[in-house]
>>> print(open('run.cif').read())   # mmCIF, C-alpha atoms
data_work
#
loop_
_atom_site.label_atom_id
_atom_site.label_comp_id
_atom_site.auth_asym_id
_atom_site.auth_seq_id
_atom_site.Cartn_x
_atom_site.Cartn_y
_atom_site.Cartn_z
CA MET A 1 -126.98 -108.71 70.12
CA SER A 2 -123.41 -109.44 69.04
CA ASP A 3 -122.16 -108.95 65.49
CA GLU A 4 -121.85 -112.73 65.21
CA ALA A 5 -125.46 -113.20 66.32
CA ASP A 6 -126.56 -110.48 63.90
CA LEU A 7 -124.77 -112.23 61.07
CA LYS A 8 -126.28 -115.59 61.98
CA LEU A 9 -129.73 -114.02 61.94
CA LEU A 10 -129.08 -112.48 58.52
CA ASP A 11 -127.99 -115.90 57.27
CA GLN A 12 -131.10 -117.55 58.67
CA GLY A 13 -133.40 -114.86 57.30
CA TYR A 14 -131.82 -114.90 53.86
CA HIS A 15 -131.92 -118.68 53.59
CA THR A 16 -135.49 -118.92 54.85
CA ILE A 17 -136.76 -116.32 52.38
CA MET A 18 -134.80 -117.75 49.45
CA ARG A 19 -135.97 -121.27 50.18
CA ARG A 20 -139.60 -120.10 50.31
CA VAL A 21 -139.31 -118.16 47.05
CA VAL A 22 -137.70 -121.12 45.28
CA GLU A 23 -140.40 -123.47 46.55
CA THR A 24 -143.46 -121.29 46.01
CA GLY A 25 -142.59 -118.21 43.95
CA ARG A 26 -143.65 -116.06 46.91
CA ALA A 27 -141.73 -114.43 49.72
CA PRO A 28 -142.87 -114.75 53.31
CA HIS A 29 -144.39 -111.72 55.07
CA TYR A 30 -142.39 -110.66 58.11
CA THR A 31 -145.06 -112.17 60.35
CA ASP A 32 -144.41 -115.53 58.67
CA LEU A 33 -140.70 -115.00 59.07
CA ALA A 34 -141.20 -114.23 62.77
CA SER A 35 -143.09 -117.47 63.23
CA GLU A 36 -140.59 -119.56 61.33
CA LEU A 37 -137.51 -118.12 63.02
CA GLY A 38 -139.01 -117.63 66.49
CA LEU A 39 -138.58 -113.86 66.39
CA GLU A 40 -140.67 -111.03 67.75
CA LEU A 41 -142.62 -109.25 65.03
CA GLY A 42 -140.53 -106.09 65.22
CA ALA A 43 -137.31 -108.06 64.91
CA ALA A 44 -138.61 -109.92 61.86
CA LYS A 45 -139.70 -106.67 60.22
CA ALA A 46 -136.28 -105.17 60.87
CA LEU A 47 -134.66 -108.31 59.47
CA ILE A 48 -136.47 -107.84 56.15
CA HIS A 49 -135.07 -104.33 55.83
CA ASP A 50 -131.61 -105.38 57.02
CA LEU A 51 -131.49 -108.06 54.33
CA VAL A 52 -132.48 -105.79 51.47
CA ALA A 53 -129.82 -103.36 52.67
CA VAL A 54 -127.09 -105.95 52.15
CA THR A 55 -128.38 -107.60 48.98
CA PRO A 56 -129.57 -106.30 45.58
CA GLY A 57 -133.22 -106.74 46.64
CA TRP A 58 -135.81 -104.20 47.74
CA THR A 59 -139.15 -103.71 49.45
CA HIS A 60 -142.04 -101.93 47.80
CA PRO A 61 -141.48 -98.23 48.64
CA GLY A 62 -143.00 -97.22 51.95
CA THR A 63 -143.90 -100.76 52.94
CA ASP A 64 -142.42 -103.84 54.57
CA TYR A 65 -143.36 -106.04 51.61
CA LEU A 66 -140.52 -107.74 49.78
CA ALA A 67 -140.83 -106.82 46.12
CA SER A 68 -137.56 -108.19 44.80
CA PHE A 69 -135.29 -110.90 46.14
CA PRO A 70 -132.76 -111.62 43.41
CA PRO A 71 -132.53 -113.46 41.26
CA PHE A 72 -136.32 -113.47 41.68
CA ASN A 73 -138.87 -110.69 41.58
CA LEU A 74 -142.02 -111.03 43.65
CA GLN A 75 -143.91 -108.59 41.45
CA PRO A 76 -144.34 -109.77 37.87
CA THR A 77 -141.71 -108.69 35.35
CA GLN A 78 -141.37 -109.54 31.68
CA TYR A 79 -138.89 -112.28 32.62
CA HIS A 80 -141.02 -115.40 33.03
CA VAL A 81 -139.13 -118.24 34.68
CA THR A 82 -140.08 -121.88 34.18
CA ILE A 83 -138.40 -124.55 36.30
CA ASP A 84 -138.78 -128.17 35.19
CA GLY A 85 -141.91 -127.23 33.24
CA GLU A 86 -143.59 -125.13 35.94
CA GLN A 87 -143.97 -121.39 35.25
CA ASN A 88 -144.27 -119.90 38.70
CA TRP A 89 -141.54 -117.29 39.01
CA PHE A 90 -140.30 -114.01 37.63
CA ALA A 91 -136.69 -112.86 37.43
CA GLN A 92 -135.62 -109.47 38.74
CA CYS A 93 -134.04 -108.61 35.39
CA GLY A 94 -132.71 -110.22 32.27
CA PHE A 95 -129.28 -110.72 33.79
CA GLU A 96 -130.43 -112.14 37.12
CA ALA A 97 -132.57 -114.55 35.10
CA MET A 98 -129.28 -116.23 34.18
CA ALA A 99 -128.58 -116.87 37.88
CA VAL A 100 -131.81 -118.70 38.75
CA ARG A 101 -130.24 -122.04 37.75
CA TRP A 102 -127.81 -121.98 40.69
CA LEU A 103 -130.72 -122.24 43.13
CA VAL A 104 -132.22 -125.28 41.45
CA PRO A 105 -129.30 -127.60 40.67
CA GLY A 106 -130.05 -130.30 38.16
CA LYS A 107 -133.29 -128.69 37.03
CA HIS A 108 -134.11 -127.18 33.67
CA VAL A 109 -134.67 -123.43 33.73
CA GLU A 110 -136.35 -121.58 30.89
CA ILE A 111 -136.58 -117.83 30.49
CA ASN A 112 -139.28 -116.41 28.23
CA ALA A 113 -139.30 -112.67 27.69
CA PRO A 114 -140.46 -110.19 25.09
CA CYS A 115 -137.89 -107.93 23.44
CA LEU A 116 -138.43 -104.39 24.74
CA CYS A 117 -137.89 -103.03 21.24
CA CYS A 118 -140.31 -105.16 19.20
CA GLY A 119 -142.24 -107.32 21.66
CA GLU A 120 -141.17 -110.50 19.87
CA PRO A 121 -140.05 -113.43 22.06
CA ILE A 122 -136.65 -114.26 23.45
CA PHE A 123 -136.04 -117.71 24.88
CA VAL A 124 -133.17 -119.08 26.95
CA SER A 125 -132.92 -122.55 28.45
CA MET A 126 -130.23 -123.77 30.77
CA CYS A 127 -129.35 -126.42 33.30
CA ASP A 128 -126.52 -125.86 35.76
CA ASP A 129 -123.44 -124.88 33.72
CA VAL A 130 -124.97 -125.72 30.37
CA ILE A 131 -126.73 -123.08 28.30
CA GLU A 132 -128.92 -125.30 26.16
CA SER A 133 -130.57 -122.77 23.85
CA ILE A 134 -130.66 -119.05 23.13
CA GLN A 135 -133.28 -117.93 20.63
CA PRO A 136 -132.68 -115.97 18.57
CA GLU A 137 -128.99 -116.79 18.63
CA GLU A 138 -128.03 -113.13 18.14
CA ALA A 139 -129.98 -112.01 21.23
CA VAL A 140 -128.09 -109.67 23.58
CA GLY A 141 -128.25 -108.23 27.06
CA TYR A 142 -127.95 -104.51 27.67
CA SER A 143 -128.15 -102.21 30.68
CA PRO A 144 -128.53 -98.43 30.41
CA SER A 145 -127.01 -98.11 33.88
CA GLU A 146 -124.10 -99.78 35.63
CA VAL A 147 -125.11 -103.18 36.98
CA GLY A 148 -125.65 -102.98 40.71
CA GLY A 149 -125.54 -99.18 40.65
CA ASP A 150 -122.49 -97.02 41.07
CA ALA A 151 -119.38 -98.97 41.99
CA ALA A 152 -119.03 -97.19 45.32
CA SER A 153 -122.50 -98.05 46.52
CA ARG A 154 -123.35 -101.38 44.98
CA PRO A 155 -125.45 -103.55 47.25
CA PHE A 156 -123.23 -106.55 46.57
CA ARG A 157 -121.26 -106.63 49.79
CA MET B 1 -130.63 -105.00 32.53
CA ASN B 2 -132.75 -106.25 29.74
CA LEU B 3 -132.70 -108.74 26.92
CA PHE B 4 -133.14 -107.87 23.26
CA ARG B 5 -133.43 -109.94 20.11
CA SER B 6 -130.31 -108.35 18.64
CA GLU B 7 -127.85 -105.48 19.08
CA GLU B 8 -129.90 -103.47 16.58
CA HIS B 9 -133.01 -103.95 18.71
CA ALA B 10 -131.14 -102.79 21.83
CA ARG B 11 -129.84 -99.71 20.03
CA ASN B 12 -133.37 -98.91 18.84
CA TRP B 13 -134.76 -99.14 22.39
CA SER B 14 -136.02 -95.78 23.67
CA ASP B 15 -133.83 -95.98 26.80
CA PHE B 16 -130.61 -96.91 25.01
CA ALA B 17 -127.65 -94.86 26.24
CA GLU B 18 -124.48 -94.89 24.15
CA ASP B 19 -122.25 -94.41 27.18
CA MET B 20 -123.36 -97.83 28.43
CA ALA B 21 -122.74 -99.53 25.09
CA PRO B 22 -120.02 -101.67 26.74
CA SER B 23 -122.85 -103.57 28.43
CA LEU B 24 -124.16 -104.66 25.04
CA LEU B 25 -123.06 -108.30 25.18
CA PRO B 26 -124.32 -111.66 23.90
CA ILE B 27 -126.63 -113.41 26.33
CA SER B 28 -124.08 -116.21 26.66
CA GLU B 29 -121.56 -113.72 28.03
CA TRP B 30 -124.02 -112.33 30.56
CA ALA B 31 -124.81 -115.92 31.56
CA ASP B 32 -121.10 -116.41 32.19
CA ILE B 33 -120.82 -113.22 34.25
CA PHE B 34 -123.80 -114.35 36.32
CA ALA B 35 -122.08 -117.67 36.93
CA ASN B 36 -119.71 -115.95 39.37
CA PRO B 37 -119.66 -117.62 42.81
CA PHE B 38 -121.51 -114.58 44.14
CA PHE B 39 -124.59 -115.96 42.38
CA ARG B 40 -123.76 -119.66 42.58
CA GLN B 41 -123.51 -119.59 46.37
CA ARG B 42 -126.92 -118.06 47.05
CA GLY B 43 -128.41 -121.39 48.09
CA ARG B 44 -126.06 -121.94 51.02
CA GLU B 45 -127.33 -121.57 54.59
CA ASP B 46 -124.61 -119.09 55.50
CA TYR B 47 -124.73 -117.00 52.33
CA ILE B 48 -124.49 -113.57 53.95
CA SER B 49 -121.55 -114.70 56.08
CA TRP B 50 -119.94 -116.19 52.98
CA THR B 51 -120.20 -112.87 51.13
CA ARG B 52 -118.08 -111.37 53.91
CA SER B 53 -115.46 -114.12 53.86
CA ALA B 54 -112.19 -113.93 51.94
CA GLU B 55 -113.68 -116.25 49.32
CA GLY B 56 -116.76 -114.06 48.98
CA ALA B 57 -114.67 -110.91 48.73
CA ALA B 58 -112.52 -112.49 46.03
CA ALA B 59 -115.62 -113.48 44.08
CA PHE B 60 -117.02 -109.99 44.37
CA GLY B 61 -113.74 -108.50 43.19
CA GLU B 62 -113.79 -110.77 40.16
CA LEU B 63 -117.41 -109.86 39.48
CA ARG B 64 -116.77 -106.12 39.70
CA ALA B 65 -113.85 -106.44 37.33
CA ARG B 66 -116.10 -108.04 34.70
CA LEU B 67 -119.07 -105.67 34.97
CA PRO B 68 -119.15 -103.16 32.10
CA ARG B 69 -118.65 -99.56 33.10
CA ARG B 70 -120.03 -96.32 31.75
CA THR B 71 -117.71 -94.71 29.23
CA GLU B 72 -116.71 -91.05 29.25
CA THR B 73 -118.71 -88.98 26.78
#
>>> encode(input="run.cif", output="structure tokens")
Amino acid sequence: MSDEADLKLLDQGYHTIMRRVVETGRAPHYTDLASELGLELGAAKALIHDLVAVTPGWTHPGTDYLASFPPFNLQPTQYHVTIDGEQNWFAQCGFEAMAVRWLVPGKHVEINAPCLCCGEPIFVSMCDDVIESIQPEEAVGYSPSEVGGDAASRPFR
Amino acid sequence: MNLFRSEEHARNWSDFAEDMAPSLLPISEWADIFANPFFRQRGREDYISWTRSAEGAAAFGELRARLPRRTET
């Protein structure tokens, strides 16, 4: 397969998975992906791993199951995401939670999360470019490690 | 990459590391960082190709420049 064909397949796989996660809160298994994209099972399984290699997502260790497909997480996290009143998603982290809105233009996105220090709630609501509410107003984001990992090996590429 | 009710709460968190204190920013600022085209463009059908385009590379460069880095201790 040519590099161009490889890239087209990555595009198709990424878009198919993202669309499914946005619509349902769940990622397709590679057998579903194979069916949807007309691929052999082995090619669809490889595609899952190829995609997580070029994005900040990951599979559950030792499996072919997508666990994180940012900005979403397929396993529950403390970052509950509500879109237009429906709570059906989790964000990968507190920062990626801020990027969910770009996948649902025109819709209201709410993030509810407990503070990891005290367990009391934090709430953020947004729609497209507008941050409508941050409660409490003095709430902050913090990462004990560099976002995306070390600069030389970040999966943003 | 977590949210806290205040800077004091973040600093009291068991995993707080002073050398990453530059990442201690208001949520509104993190929301702005995560408004980079790298995140905005995720819905497009050719997203992976886009990340490898000149436009994608420029967005990534801008993103990297804004991400807080670990300080020397």
>>> interface_residues(input="run.cif", of="chain A", to="chain B", cutoff="9 Å", atoms="all atoms listed in the file", output="PyMOL selection string")
chain A and resi 7-8+10-12+14-16+18-19+51+54-55+71+93-104+113-118+120-122+124+129+131+134-147+151+156-157
>>> write_last_selection(input="run.cif", atoms="C-alpha atoms", output="short mmCIF file (atom, residue, chain, number, x, y, z; two decimals), in the coordinates of the input")
data_model
loop_
_atom_site.label_atom_id
_atom_site.label_comp_id
_atom_site.auth_asym_id
_atom_site.auth_seq_id
_atom_site.Cartn_x
_atom_site.Cartn_y
_atom_site.Cartn_z
CA LEU A 7 -124.77 -112.23 61.07
CA LYS A 8 -126.28 -115.59 61.98
CA LEU A 10 -129.08 -112.48 58.52
CA ASP A 11 -127.99 -115.90 57.27
CA GLN A 12 -131.10 -117.55 58.67
CA TYR A 14 -131.82 -114.90 53.86
CA HIS A 15 -131.92 -118.68 53.59
CA THR A 16 -135.49 -118.92 54.85
CA MET A 18 -134.80 -117.75 49.45
CA ARG A 19 -135.97 -121.27 50.18
CA LEU A 51 -131.49 -108.06 54.33
CA VAL A 54 -127.09 -105.95 52.15
CA THR A 55 -128.38 -107.60 48.98
CA PRO A 71 -132.53 -113.46 41.26
CA CYS A 93 -134.04 -108.61 35.39
CA GLY A 94 -132.71 -110.22 32.27
CA PHE A 95 -129.28 -110.72 33.79
CA GLU A 96 -130.43 -112.14 37.12
CA ALA A 97 -132.57 -114.55 35.10
CA MET A 98 -129.28 -116.23 34.18
CA ALA A 99 -128.58 -116.87 37.88
CA VAL A 100 -131.81 -118.70 38.75
CA ARG A 101 -130.24 -122.04 37.75
CA TRP A 102 -127.81 -121.98 40.69
CA LEU A 103 -130.72 -122.24 43.13
CA VAL A 104 -132.22 -125.28 41.45
CA ALA A 113 -139.30 -112.67 27.69
CA PRO A 114 -140.46 -110.19 25.09
CA CYS A 115 -137.89 -107.93 23.44
CA LEU A 116 -138.43 -104.39 24.74
CA CYS A 117 -137.89 -103.03 21.24
CA CYS A 118 -140.31 -105.16 19.20
CA GLU A 120 -141.17 -110.50 19.87
CA PRO A 121 -140.05 -113.43 22.06
CA ILE A 122 -136.65 -114.26 23.45
CA VAL A 124 -133.17 -119.08 26.95
CA ASP A 129 -123.44 -124.88 33.72
CA ILE A 131 -126.73 -123.08 28.30
CA ILE A 134 -130.66 -119.05 23.13
CA GLN A 135 -133.28 -117.93 20.63
CA PRO A 136 -132.68 -115.97 18.57
CA GLU A 137 -128.99 -116.79 18.63
CA GLU A 138 -128.03 -113.13 18.14
CA ALA A 139 -129.98 -112.01 21.23
CA VAL A 140 -128.09 -109.67 23.58
CA GLY A 141 -128.25 -108.23 27.06
CA TYR A 142 -127.95 -104.51 27.67
CA SER A 143 -128.15 -102.21 30.68
CA PRO A 144 -128.53 -98.43 30.41
CA SER A 145 -127.01 -98.11 33.88
CA GLU A 146 -124.10 -99.78 35.63
CA VAL A 147 -125.11 -103.18 36.98
CA ALA A 151 -119.38 -98.97 41.99
CA PHE A 156 -123.23 -106.55 46.57
CA ARG A 157 -121.26 -106.63 49.79
#
>>> resolve_selection(input="run.cif", expression="the PyMOL selection byres ((chain A and resi 68) around 9)", output="ChimeraX atom specification")
/A:27,52,56-60,66-67,69-75,91-92
>>> atom_distance(input="run.cif", atom1="atom CA of A:Glu110", atom2="atom CA of A:Phe123")
7.2 Å
>>> atom_distance(input="run.cif", atom1="atom CA of A:Ser35", atom2="atom CA of A:Ile83")
28.2 Å
>>> axis_aligned_box(input="run.cif", around="stretch 87-98 of chain A", padding_each_side="3 Å", output="JSON")
{"center_x": -136.8, "center_y": -115.0, "center_z": 35.6, "size_x": 21.0, "size_y": 18.8, "size_z": 12.7}
>>> atom_distance(input="run.cif", atom1="atom CA of A:Val109", atom2="atom CA of A:Tyr79")
12.0 Å
>>> residues_around(input="run.cif", residues="A:Tyr30", least_positions_apart="6", cutoff="7 Å", atoms="all atoms listed in the file", output="JSON, numbers by chain")
{"A": [44, 45, 48]}
